[in-house]
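Content type PDB, C-alpha atoms, pLDDT in the B column, from the file query33.pdb:
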ATOM      1  CA  MET P   9      16.466 -10.255  10.883  1.00 48.00           C
ATOM      2  CA  HIS P  10      18.476 -11.809   8.063  1.00 49.00           C
ATOM      3  CA  PRO P  11      22.128 -10.714   8.432  1.00 45.00           C
ATOM      4  CA  ALA P  12      22.599 -10.643   4.639  1.00 51.00           C
ATOM      5  CA  ARG P  13      19.756  -8.195   4.160  1.00 68.00           C
ATOM      6  CA  PRO P  14      19.183  -5.507   6.803  1.00 74.00           C
ATOM      7  CA  GLY P  15      15.508  -4.990   7.460  1.00 92.00           C
ATOM      8  CA  LEU P  16      14.410  -8.362   6.072  1.00 96.00           C
ATOM      9  CA  ILE P  17      12.381 -10.379   8.581  1.00 97.00           C
ATOM     10  CA  ASP P  18      10.203 -13.471   8.716  1.00 98.00           C
ATOM     11  CA  PHE P  19       6.703 -13.059  10.102  1.00 98.00           C
ATOM     12  CA  PRO P  20       3.907 -15.627  10.512  1.00 98.00           C
ATOM     13  CA  ARG P  21       0.881 -15.875   8.251  1.00 98.00           C
ATOM     14  CA  PRO P  22      -2.474 -16.990   9.705  1.00 98.00           C
ATOM     15  CA  ASP P  23      -1.946 -20.479   8.226  1.00 98.00           C
ATOM     16  CA  GLY P  24       1.249 -20.866  10.276  1.00 97.00           C
ATOM     17  CA  SER P  25       3.722 -20.555   7.417  1.00 98.00           C
ATOM     18  CA  LEU P  26       6.232 -17.718   7.214  1.00 98.00           C
ATOM     19  CA  CYS P  27       6.410 -14.741   4.885  1.00 98.00           C
ATOM     20  CA  GLN P  28       9.392 -12.468   4.457  1.00 98.00           C
ATOM     21  CA  GLY P  29       9.184  -8.721   4.387  1.00 98.00           C
ATOM     22  CA  HIS P  30      11.131  -5.505   4.777  1.00 98.00           C
ATOM     23  CA  PHE P  31      10.550  -4.038   8.242  1.00 98.00           C
ATOM     24  CA  ALA P  32      11.516  -0.725   9.814  1.00 98.00           C
ATOM     25  CA  HIS P  33      10.858  -0.034  13.489  1.00 97.00           C
ATOM     26  CA  ALA P  34       9.943   3.390  14.809  1.00 96.00           C
ATOM     27  CA  SER P  35       8.957   2.677  18.423  1.00 94.00           C
ATOM     28  CA  ALA P  36       6.940   0.214  20.466  1.00 94.00           C
ATOM     29  CA  ASP P  37       4.385   2.925  21.220  1.00 93.00           C
ATOM     30  CA  ARG P  38       3.682   3.750  17.562  1.00 95.00           C
ATOM     31  CA  PRO P  39       0.976   2.587  15.143  1.00 97.00           C
ATOM     32  CA  GLY P  40       1.823   0.603  12.029  1.00 98.00           C
ATOM     33  CA  VAL P  41       1.613   0.786   8.244  1.00 98.00           C
ATOM     34  CA  VAL P  42       1.716  -2.185   5.877  1.00 98.00           C
ATOM     35  CA  VAL P  43       3.281  -1.107   2.563  1.00 99.00           C
ATOM     36  CA  LEU P  44       2.284  -3.061  -0.555  1.00 98.00           C
ATOM     37  CA  GLN P  45       4.570  -3.297  -3.549  1.00 98.00           C
ATOM     38  CA  GLU P  46       4.043  -2.436  -7.187  1.00 98.00           C
ATOM     39  CA  TRP P  47       4.207  -5.227  -9.755  1.00 97.00           C
ATOM     40  CA  TRP P  48       7.994  -4.803  -9.887  1.00 98.00           C
ATOM     41  CA  GLY P  49       8.355  -6.716  -6.608  1.00 98.00           C
ATOM     42  CA  LEU P  50       9.827  -5.860  -3.213  1.00 98.00           C
ATOM     43  CA  ASN P  51      12.556  -3.682  -4.679  1.00 98.00           C
ATOM     44  CA  PRO P  52      14.759  -1.011  -3.049  1.00 97.00           C
ATOM     45  CA  GLN P  53      12.234   1.706  -3.880  1.00 98.00           C
ATOM     46  CA  ILE P  54       9.459   0.012  -1.875  1.00 98.00           C
ATOM     47  CA  CYS P  55      11.910  -0.694   0.949  1.00 98.00           C
ATOM     48  CA  SER P  56      12.774   3.009   0.974  1.00 98.00           C
ATOM     49  CA  VAL P  57       9.088   3.855   1.485  1.00 98.00           C
ATOM     50  CA  VAL P  58       9.037   1.521   4.506  1.00 98.00           C
ATOM     51  CA  ASP P  59      12.119   3.245   5.917  1.00 98.00           C
ATOM     52  CA  ARG P  60      10.578   6.631   5.247  1.00 98.00           C
ATOM     53  CA  PHE P  61       7.468   5.712   7.216  1.00 98.00           C
ATOM     54  CA  ALA P  62       9.609   4.641  10.167  1.00 98.00           C
ATOM     55  CA  ALA P  63      11.468   7.947  10.055  1.00 98.00           C
ATOM     56  CA  ALA P  64       8.061   9.654  10.210  1.00 98.00           C
ATOM     57  CA  GLY P  65       7.079   7.691  13.336  1.00 97.00           C
ATOM     58  CA  PHE P  66       5.254   4.608  12.025  1.00 97.00           C
ATOM     59  CA  ASN P  67       6.328   0.991  12.360  1.00 98.00           C
ATOM     60  CA  ALA P  68       6.241  -0.244   8.764  1.00 98.00           C
ATOM     61  CA  LEU P  69       6.397  -3.604   6.999  1.00 98.00           C
ATOM     62  CA  ALA P  70       6.270  -4.524   3.306  1.00 98.00           C
ATOM     63  CA  PRO P  71       5.476  -8.221   2.784  1.00 98.00           C
ATOM     64  CA  ASP P  72       7.341  -9.847  -0.108  1.00 98.00           C
ATOM     65  CA  LEU P  73       4.333 -10.902  -2.170  1.00 98.00           C
ATOM     66  CA  PHE P  74       6.469 -12.294  -5.019  1.00 98.00           C
ATOM     67  CA  ARG P  75       8.757 -14.375  -2.749  1.00 97.00           C
ATOM     68  CA  GLY P  76      12.024 -12.741  -3.741  1.00 96.00           C
ATOM     69  CA  ARG P  77      11.266 -12.106  -7.402  1.00 97.00           C
ATOM     70  CA  VAL P  78      12.019  -8.575  -8.603  1.00 97.00           C
ATOM     71  CA  THR P  79      12.087  -7.198 -12.135  1.00 96.00           C
ATOM     72  CA  GLN P  80      12.383  -4.002 -14.144  1.00 96.00           C
ATOM     73  CA  ASP P  81      10.785  -5.518 -17.237  1.00 97.00           C
ATOM     74  CA  PRO P  82       7.074  -4.639 -17.677  1.00 95.00           C
ATOM     75  CA  ASP P  83       6.236  -7.932 -19.409  1.00 97.00           C
ATOM     76  CA  GLU P  84       7.807  -9.960 -16.615  1.00 97.00           C
ATOM     77  CA  ALA P  85       6.135  -7.765 -14.005  1.00 96.00           C
ATOM     78  CA  SER P  86       2.767  -8.305 -15.665  1.00 96.00           C
ATOM     79  CA  HIS P  87       3.391 -12.062 -15.705  1.00 96.00           C
ATOM     80  CA  MET P  88       4.249 -12.058 -11.995  1.00 97.00           C
ATOM     81  CA  MET P  89       1.211  -9.963 -11.089  1.00 97.00           C
ATOM     82  CA  ASN P  90      -1.130 -12.144 -13.145  1.00 96.00           C
ATOM     83  CA  GLY P  91       0.287 -15.197 -11.401  1.00 97.00           C
ATOM     84  CA  LEU P  92      -0.263 -13.808  -7.916  1.00 97.00           C
ATOM     85  CA  ASP P  93      -2.913 -15.414  -5.728  1.00 97.00           C
ATOM     86  CA  PHE P  94      -4.688 -12.191  -4.755  1.00 97.00           C
ATOM     87  CA  ALA P  95      -6.852 -13.897  -2.160  1.00 97.00           C
ATOM     88  CA  GLY P  96      -3.824 -15.563  -0.584  1.00 97.00           C
ATOM     89  CA  ALA P  97      -1.930 -12.274  -0.593  1.00 98.00           C
ATOM     90  CA  THR P  98      -4.847 -10.522   1.104  1.00 98.00           C
ATOM     91  CA  PHE P  99      -5.920 -13.121   3.665  1.00 98.00           C
ATOM     92  CA  GLN P 100      -2.474 -14.553   4.457  1.00 98.00           C
ATOM     93  CA  ASP P 101       0.466 -12.242   3.639  1.00 98.00           C
ATOM     94  CA  ILE P 102      -1.212  -8.902   4.320  1.00 98.00           C
ATOM     95  CA  ARG P 103      -3.285 -10.153   7.253  1.00 98.00           C
ATOM     96  CA  GLY P 104      -0.099 -11.618   8.754  1.00 98.00           C
ATOM     97  CA  ALA P 105       1.746  -8.336   8.274  1.00 98.00           C
ATOM     98  CA  VAL P 106      -1.059  -6.423  10.008  1.00 98.00           C
ATOM     99  CA  ALA P 107      -0.979  -8.859  12.926  1.00 98.00           C
ATOM    100  CA  TYR P 108       2.804  -8.539  13.219  1.00 98.00           C
ATOM    101  CA  LEU P 109       2.628  -4.752  13.423  1.00 98.00           C
ATOM    102  CA  GLN P 110      -0.192  -4.961  15.957  1.00 97.00           C
ATOM    103  CA  LYS P 111       1.994  -7.211  18.092  1.00 96.00           C
ATOM    104  CA  ILE P 112       5.219  -5.182  18.027  1.00 94.00           C
ATOM    105  CA  GLY P 113       3.636  -1.723  18.159  1.00 89.00           C
ATOM    106  CA  SER P 114       0.843   0.116  19.883  1.00 87.00           C
ATOM    107  CA  GLY P 115      -2.265   1.376  18.195  1.00 87.00           C
ATOM    108  CA  PRO P 116      -4.039   0.763  14.908  1.00 97.00           C
ATOM    109  CA  VAL P 117      -2.496  -0.466  11.660  1.00 98.00           C
ATOM    110  CA  ALA P 118      -3.157   0.948   8.193  1.00 98.00           C
ATOM    111  CA  VAL P 119      -2.506  -0.562   4.768  1.00 98.00           C
ATOM    112  CA  MET P 120      -1.173   1.397   1.800  1.00 98.00           C
ATOM    113  CA  GLY P 121       0.210   0.491  -1.582  1.00 98.00           C
ATOM    114  CA  PHE P 122       1.027   1.415  -5.149  1.00 98.00           C
ATOM    115  CA  CYS P 123      -0.326   0.080  -8.469  1.00 98.00           C
ATOM    116  CA  MET P 124      -0.851  -3.653  -7.790  1.00 98.00           C
ATOM    117  CA  GLY P 125      -0.363  -2.803  -4.128  1.00 98.00           C
ATOM    118  CA  GLY P 126      -3.011  -0.098  -4.428  1.00 98.00           C
ATOM    119  CA  ALA P 127      -5.464  -2.700  -5.704  1.00 98.00           C
ATOM    120  CA  LEU P 128      -4.562  -4.953  -2.778  1.00 98.00           C
ATOM    121  CA  THR P 129      -5.027  -1.980  -0.440  1.00 98.00           C
ATOM    122  CA  VAL P 130      -8.634  -1.724  -1.617  1.00 98.00           C
ATOM    123  CA  ALA P 131      -9.025  -5.487  -1.134  1.00 98.00           C
ATOM    124  CA  SER P 132      -7.602  -5.233   2.378  1.00 98.00           C
ATOM    125  CA  ALA P 133      -9.953  -2.366   3.213  1.00 98.00           C
ATOM    126  CA  VAL P 134     -12.892  -4.504   2.082  1.00 98.00           C
ATOM    127  CA  HIS P 135     -11.933  -7.880   3.532  1.00 98.00           C
ATOM    128  CA  LEU P 136      -9.772  -7.292   6.633  1.00 98.00           C
ATOM    129  CA  PRO P 137     -11.747  -5.715   9.484  1.00 98.00           C
ATOM    130  CA  GLU P 138      -8.578  -5.365  11.570  1.00 98.00           C
ATOM    131  CA  VAL P 139      -7.258  -2.704   9.148  1.00 98.00           C
ATOM    132  CA  ALA P 140      -7.893   0.776  10.571  1.00 98.00           C
ATOM    133  CA  ALA P 141      -7.303   2.953   7.484  1.00 98.00           C
ATOM    134  CA  ALA P 142      -6.212   2.602   3.865  1.00 98.00           C
ATOM    135  CA  VAL P 143      -4.212   4.708   1.404  1.00 99.00           C
ATOM    136  CA  CYS P 144      -4.368   3.671  -2.245  1.00 98.00           C
ATOM    137  CA  PHE P 145      -2.027   4.917  -4.964  1.00 98.00           C
ATOM    138  CA  TYR P 146      -3.382   4.302  -8.484  1.00 98.00           C
ATOM    139  CA  GLY P 147      -4.635   0.737  -8.169  1.00 98.00           C
ATOM    140  CA  ILE P 148      -8.149  -0.761  -8.180  1.00 98.00           C
ATOM    141  CA  PRO P 149      -8.985  -4.500  -8.016  1.00 97.00           C
ATOM    142  CA  PRO P 150     -11.738  -6.238  -9.996  1.00 96.00           C
ATOM    143  CA  ARG P 151     -15.052  -5.453  -8.316  1.00 95.00           C
ATOM    144  CA  ASP P 152     -15.964  -9.136  -8.081  1.00 96.00           C
ATOM    145  CA  PHE P 153     -12.960  -9.602  -5.780  1.00 97.00           C
ATOM    146  CA  ALA P 154     -13.309  -6.423  -3.729  1.00 98.00           C
ATOM    147  CA  ASP P 155     -16.195  -3.978  -4.122  1.00 98.00           C
ATOM    148  CA  PRO P 156     -15.188  -0.478  -2.914  1.00 98.00           C
ATOM    149  CA  ALA P 157     -18.797   0.100  -1.853  1.00 98.00           C
ATOM    150  CA  GLN P 158     -18.104  -2.260   1.058  1.00 98.00           C
ATOM    151  CA  ILE P 159     -15.277  -0.158   2.524  1.00 98.00           C
ATOM    152  CA  ARG P 160     -16.208   1.147   5.969  1.00 97.00           C
ATOM    153  CA  ILE P 161     -12.863   2.530   7.160  1.00 98.00           C
ATOM    154  CA  PRO P 162     -11.131   5.863   6.473  1.00 98.00           C
ATOM    155  CA  PHE P 163      -9.867   5.748   2.887  1.00 98.00           C
ATOM    156  CA  GLN P 164      -7.544   8.031   0.956  1.00 98.00           C
ATOM    157  CA  GLY P 165      -6.912   7.650  -2.773  1.00 98.00           C
ATOM    158  CA  HIS P 166      -4.218   9.157  -5.019  1.00 98.00           C
ATOM    159  CA  PHE P 167      -4.868   8.965  -8.763  1.00 98.00           C
ATOM    160  CA  ALA P 168      -3.164  10.355 -11.860  1.00 98.00           C
ATOM    161  CA  THR P 169      -5.021  12.175 -14.620  1.00 98.00           C
ATOM    162  CA  ARG P 170      -2.781  10.675 -17.348  1.00 98.00           C
ATOM    163  CA  ASP P 171      -3.063   7.112 -16.066  1.00 98.00           C
ATOM    164  CA  THR P 172      -3.940   4.634 -18.823  1.00 96.00           C
ATOM    165  CA  TRP P 173      -4.115   1.632 -16.434  1.00 95.00           C
ATOM    166  CA  CYS P 174      -5.952   2.956 -13.379  1.00 97.00           C
ATOM    167  CA  THR P 175      -7.824   5.501 -15.476  1.00 97.00           C
ATOM    168  CA  PRO P 176      -9.606   8.642 -14.270  1.00 98.00           C
ATOM    169  CA  ALA P 177     -12.870   6.901 -15.158  1.00 98.00           C
ATOM    170  CA  ALA P 178     -11.966   3.937 -12.943  1.00 98.00           C
ATOM    171  CA  ALA P 179     -10.986   6.267 -10.101  1.00 98.00           C
ATOM    172  CA  GLY P 180     -14.275   8.110 -10.516  1.00 98.00           C
ATOM    173  CA  ALA P 181     -16.223   4.860 -10.387  1.00 98.00           C
ATOM    174  CA  LEU P 182     -14.456   3.872  -7.158  1.00 98.00           C
ATOM    175  CA  GLU P 183     -15.293   7.197  -5.547  1.00 98.00           C
ATOM    176  CA  GLN P 184     -18.890   7.055  -6.768  1.00 98.00           C
ATOM    177  CA  ALA P 185     -19.316   3.515  -5.411  1.00 98.00           C
ATOM    178  CA  MET P 186     -18.013   4.551  -1.998  1.00 98.00           C
ATOM    179  CA  ARG P 187     -20.054   7.739  -1.771  1.00 98.00           C
ATOM    180  CA  GLY P 188     -23.132   5.891  -2.982  1.00 98.00           C
ATOM    181  CA  ALA P 189     -22.712   3.563  -0.020  1.00 98.00           C
ATOM    182  CA  GLY P 190     -22.463   6.474   2.415  1.00 98.00           C
ATOM    183  CA  ALA P 191     -18.679   6.599   2.771  1.00 98.00           C
ATOM    184  CA  GLN P 192     -16.665   9.805   2.602  1.00 97.00           C
ATOM    185  CA  PRO P 193     -13.353   8.908   0.960  1.00 98.00           C
ATOM    186  CA  GLU P 194     -10.598  11.483   0.618  1.00 98.00           C
ATOM    187  CA  ILE P 195      -9.674  11.371  -3.082  1.00 98.00           C
ATOM    188  CA  HIS P 196      -6.883  13.355  -4.726  1.00 98.00           C
ATOM    189  CA  HIS P 197      -6.094  13.712  -8.420  1.00 98.00           C
ATOM    190  CA  TYR P 198      -2.706  14.705  -9.804  1.00 98.00           C
ATOM    191  CA  GLU P 199      -1.689  16.071 -13.200  1.00 98.00           C
ATOM    192  CA  ALA P 200       0.741  13.213 -13.680  1.00 98.00           C
ATOM    193  CA  ALA P 201       1.244   9.756 -15.133  1.00 98.00           C
ATOM    194  CA  HIS P 202       0.840   6.325 -13.547  1.00 98.00           C
ATOM    195  CA  GLY P 203       3.704   5.678 -11.127  1.00 98.00           C
ATOM    196  CA  PHE P 204       4.404   9.352 -10.446  1.00 98.00           C
ATOM    197  CA  PHE P 205       5.484   8.556  -6.862  1.00 98.00           C
ATOM    198  CA  ASN P 206       8.306   6.217  -7.924  1.00 98.00           C
ATOM    199  CA  ALA P 207      11.575   8.177  -7.928  1.00 97.00           C
ATOM    200  CA  THR P 208      13.434   5.333  -9.660  1.00 97.00           C
ATOM    201  CA  ARG P 209      11.351   5.746 -12.836  1.00 97.00           C
ATOM    202  CA  PRO P 210      12.347   9.147 -14.287  1.00 97.00           C
ATOM    203  CA  GLN P 211       9.988   8.765 -17.239  1.00 97.00           C
ATOM    204  CA  VAL P 212       6.967   9.119 -14.924  1.00 98.00           C
ATOM    205  CA  TYR P 213       8.294  10.446 -11.592  1.00 98.00           C
ATOM    206  CA  ASP P 214       6.981  13.867 -10.620  1.00 98.00           C
ATOM    207  CA  PRO P 215       8.834  15.086  -7.510  1.00 98.00           C
ATOM    208  CA  ALA P 216       6.444  17.925  -6.699  1.00 98.00           C
ATOM    209  CA  GLN P 217       3.331  15.771  -6.998  1.00 98.00           C
ATOM    210  CA  ALA P 218       5.008  12.910  -5.145  1.00 98.00           C
ATOM    211  CA  GLU P 219       5.913  15.170  -2.234  1.00 98.00           C
ATOM    212  CA  LEU P 220       2.391  16.561  -2.104  1.00 98.00           C
ATOM    213  CA  ALA P 221       0.959  13.026  -2.052  1.00 98.00           C
ATOM    214  CA  TRP P 222       3.399  12.006   0.693  1.00 98.00           C
ATOM    215  CA  THR P 223       2.471  15.018   2.831  1.00 98.00           C
ATOM    216  CA  ARG P 224      -1.220  14.192   2.416  1.00 98.00           C
ATOM    217  CA  THR P 225      -0.589  10.531   3.232  1.00 98.00           C
ATOM    218  CA  LEU P 226       1.223  11.317   6.478  1.00 98.00           C
ATOM    219  CA  ALA P 227      -1.435  13.821   7.546  1.00 98.00           C
ATOM    220  CA  PHE P 228      -4.191  11.291   6.840  1.00 98.00           C
ATOM    221  CA  LEU P 229      -2.465   8.494   8.755  1.00 98.00           C
ATOM    222  CA  GLU P 230      -1.618  10.710  11.704  1.00 97.00           C
ATOM    223  CA  ARG P 231      -5.240  11.805  11.832  1.00 97.00           C
ATOM    224  CA  HIS P 232      -6.679   8.294  11.794  1.00 97.00           C
ATOM    225  CA  LEU P 233      -4.060   6.169  13.575  1.00 96.00           C
ATOM    226  CA  TYR P 234      -3.401   8.381  16.569  1.00 87.00           C
ATOM    227  CA  SER P 235      -6.109   8.932  19.139  1.00 63.00           C
ATOM    228  CA  PRO P 236      -6.794  12.540  20.252  1.00 42.00           C
ATOM    229  CA  ALA P 237      -4.927  11.776  23.468  1.00 42.00           C
ATOM    230  CA  ASP P 238      -1.819  10.902  21.461  1.00 42.00           C
ATOM    231  CA  ALA P 239      -1.957  13.911  19.159  1.00 39.00           C
TER     232      ALA P 239
END
Written form, structure tokens:
Amino acid sequence: MHPARPGLIDFPRPDGSLCQGHFAHASADRPGVVVLQEWWGLNPQICSVVDRFAAAGFNALAPDLFRGRVTQDPDEASHMMNGLDFAGATFQDIRGAVAYLQKIGSGPVAVMGFCMGGALTVASAVHLPEVAAAVCFYGIPPRDFADPAQIRIPFQGHFATRDTWCTPAAAGALEQAMRGAGAQPEIHHYEAAHGFFNATRPQVYDPAQAELAWTRTLAFLERHLYSPADA
């Protein structure tokens, strides 16, 4: 770990280069969760989600997809997201994070994320067969990059009814695509705005809905990452 930043580690990507990320260790006999950031970057709020997963019994790692860049300005965040190599993030950073958690823990590894990270969660569920389950918070990628109809793993989605970015119509299309392909996703809708889980954004944060979504997330991951013998 980096002494200047508790929890910050380097982990290898498949191409052999290193990626940094915020890591929290629960136990060597626990499954893992990769946490994917919003377009604001790997900020303290995302790190707190990682720590919260560890407290709940999951080894957790959030790869730093923006390489140290963090912002609170929406225009800058949009610029950083639009400049991200989504394929590289999926096949290198996220795949490397999954492999790291598989190595240091025991059991399957899930991917979850918010906004931009939710879109990358869908991409990971489509493209990374080593991912065991996925939890998406209000983010959907372009279908030409990752078609939800191709998801074959347990999938849980959390969407907001007042979301003008990841709209109810977009969430409905994702669910319809998955069900049309024979999948049975667990989809939840909340009377809230985009970003309702983020406690650092009081203009959209909804503590009751956020707690409900967190409870559902933990129940879903415990159900799909622990074998019956471990339950």
Applied to the shown file, which residues does the PyMOL selection byres ((chain P and resi 18) around 7) return, written as JSON, numbers by chain? {"P": [17, 19, 20, 26, 27, 28, 29]}
Name the residues that the PyMOL selection byres ((chain P and resi 216-228) around 10) picks from the file above, as a PyMOL selection string, using the file's chain letters and numbers. chain P and resi 57+61+64-66+120+141-145+162-168+194+196-200+203-207+213-215+229-233
Enter the distance from CA of Phe31 in chain P to CA of Ile195 in chain P, in Å, rounded to one decimal.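 Taking CA of Phe31 in chain P and CA of Ile195 in chain P, their separation equals 27.8 Å.
A straight line drawn from CA of Pro52 in chain P to CA of Ala95 in chain P is 25.2 Å long.
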Residues picked by the PyMOL selection byres ((chain P and resi 106) around 10) here, as a list in words?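 In the shown coordinates, the PyMOL selection byres ((chain P and resi 106) around 10) covers Arg21, Gly40, Val41, Val42, Ala68, Leu69, Pro71, Gln100, Asp101, Ile102, Arg103, Gly104, Ala105, Ala107, Tyr108, Leu109, Gln110, Lys111, Pro116, Val117, Ala118, Val119, Leu136, Glu138, Val139 and Ala140 of chain P.
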Produce a table with one row for each residue of range 166-203 of chain P that has an atom at most 10 Å from any atom of range 152-160 of chain P, each row naming the nearest atom pair and its distance in Å at one decimal; use only C-alpha atoms; arrange rows by chain and rising residue number; format as a Markdown table.
| residue | atom | partner | partner_atom | distance |
| --- | --- | --- | --- | --- |
| P:Ala181 | CA | P:Pro156 | CA | 9.2 |
| P:Leu182 | CA | P:Pro156 | CA | 6.1 |
| P:Glu183 | CA | P:Pro156 | CA | 8.1 |
| P:Gln184 | CA | P:Ala157 | CA | 8.5 |
| P:Ala185 | CA | P:Ala157 | CA | 5.0 |
| P:Met186 | CA | P:Ala157 | CA | 4.5 |
| P:Arg187 | CA | P:Ala157 | CA | 7.7 |
| P:Gly188 | CA | P:Ala157 | CA | 7.3 |
| P:Ala189 | CA | P:Ala157 | CA | 5.5 |
| P:Gly190 | CA | P:Ala157 | CA | 8.5 |
| P:Ala191 | CA | P:Arg160 | CA | 6.8 |
| P:Gln192 | CA | P:Arg160 | CA | 9.3 |
| P:Pro193 | CA | P:Ile159 | CA | 9.4 |
Distance query Ala131 in chain P at most 7 Å, all atoms listed in the file, self and fewer than 4 positions along chain excluded, as an MDAnalysis selection string: chainID P and resid 98 127 135 149 154
Could you please determine the separation between CA of Leu92 in chain P and CA of Gly24 in chain P in Å, to one decimal place?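 CA of Gly24 in chain P lies 19.6 Å from CA of Leu92 in chain P.
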Using all atoms listed in the file, which of the listed residues (P:Gly126, P:Gly115, P:Gly147, P:Pro22) sits closest to Val43 in chain P?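 Using all atoms listed in the file, Val43 in chain P sits closest to P:Gly126.
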Any idea what's packed within 8 Å of Trp173 in chain P, counting only C-alpha atoms, ignoring anything in its chain fewer than 2 positions away? Could you give it as an NGL selection string? :P and (171 or 175 or 202)
Each side padded by 3 Å, which centre and which edge lengths in Å (one decimal) define the axis-aligned box around the listed atoms of range 71-75 of chain P? Give them as lines of an AutoDock Vina configuration file.
center_x = 6.5
center_y = -11.3
center_z = -1.1
size_x = 10.4
size_y = 12.2
size_z = 13.8
Spatial neighbours of range 87-90 of chain P, max dist 12 Å, all atoms listed in the file, sep filter under 5 positions, as an mmCIF file with C-alpha atoms, in the coordinates of the input:
data_model
loop_
_atom_site.group_PDB
_atom_site.id
_atom_site.type_symbol
_atom_site.label_atom_id
_atom_site.label_comp_id
_atom_site.auth_asym_id
_atom_site.auth_seq_id
_atom_site.Cartn_x
_atom_site.Cartn_y
_atom_site.Cartn_z
ATOM 1 C CA GLN P 45 4.570 -3.297 -3.549
ATOM 2 C CA GLU P 46 4.043 -2.436 -7.187
ATOM 3 C CA TRP P 47 4.207 -5.227 -9.755
ATOM 4 C CA TRP P 48 7.994 -4.803 -9.887
ATOM 5 C CA GLY P 49 8.355 -6.716 -6.608
ATOM 6 C CA LEU P 73 4.333 -10.902 -2.170
ATOM 7 C CA PHE P 74 6.469 -12.294 -5.019
ATOM 8 C CA ARG P 75 8.757 -14.375 -2.749
ATOM 9 C CA GLY P 76 12.024 -12.741 -3.741
ATOM 10 C CA ARG P 77 11.266 -12.106 -7.402
ATOM 11 C CA VAL P 78 12.019 -8.575 -8.603
ATOM 12 C CA THR P 79 12.087 -7.198 -12.135
ATOM 13 C CA GLN P 80 12.383 -4.002 -14.144
ATOM 14 C CA ASP P 81 10.785 -5.518 -17.237
ATOM 15 C CA PRO P 82 7.074 -4.639 -17.677
ATOM 16 C CA ALA P 97 -1.930 -12.274 -0.593
ATOM 17 C CA CYS P 123 -0.326 0.080 -8.469
ATOM 18 C CA MET P 124 -0.851 -3.653 -7.790
ATOM 19 C CA GLY P 125 -0.363 -2.803 -4.128
ATOM 20 C CA ALA P 127 -5.464 -2.700 -5.704
ATOM 21 C CA LEU P 128 -4.562 -4.953 -2.778
ATOM 22 C CA PRO P 149 -8.985 -4.500 -8.016
#
Of the listed residues P:Gly180, P:Pro39, P:Gly121, P:Pro150, that which approaches Ile54 in chain P most closely, counting only C-alpha atoms: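 Answer, going by the shortest atom-to-atom distance: P:Gly121.
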Selected residue, from P:Ala32, P:Pro210, P:Tyr234, P:Asp23, that lies nearest to Ile112 in chain P when counting only C-alpha atoms: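 For Ile112 in chain P, the nearest of the candidates is P:Ala32.
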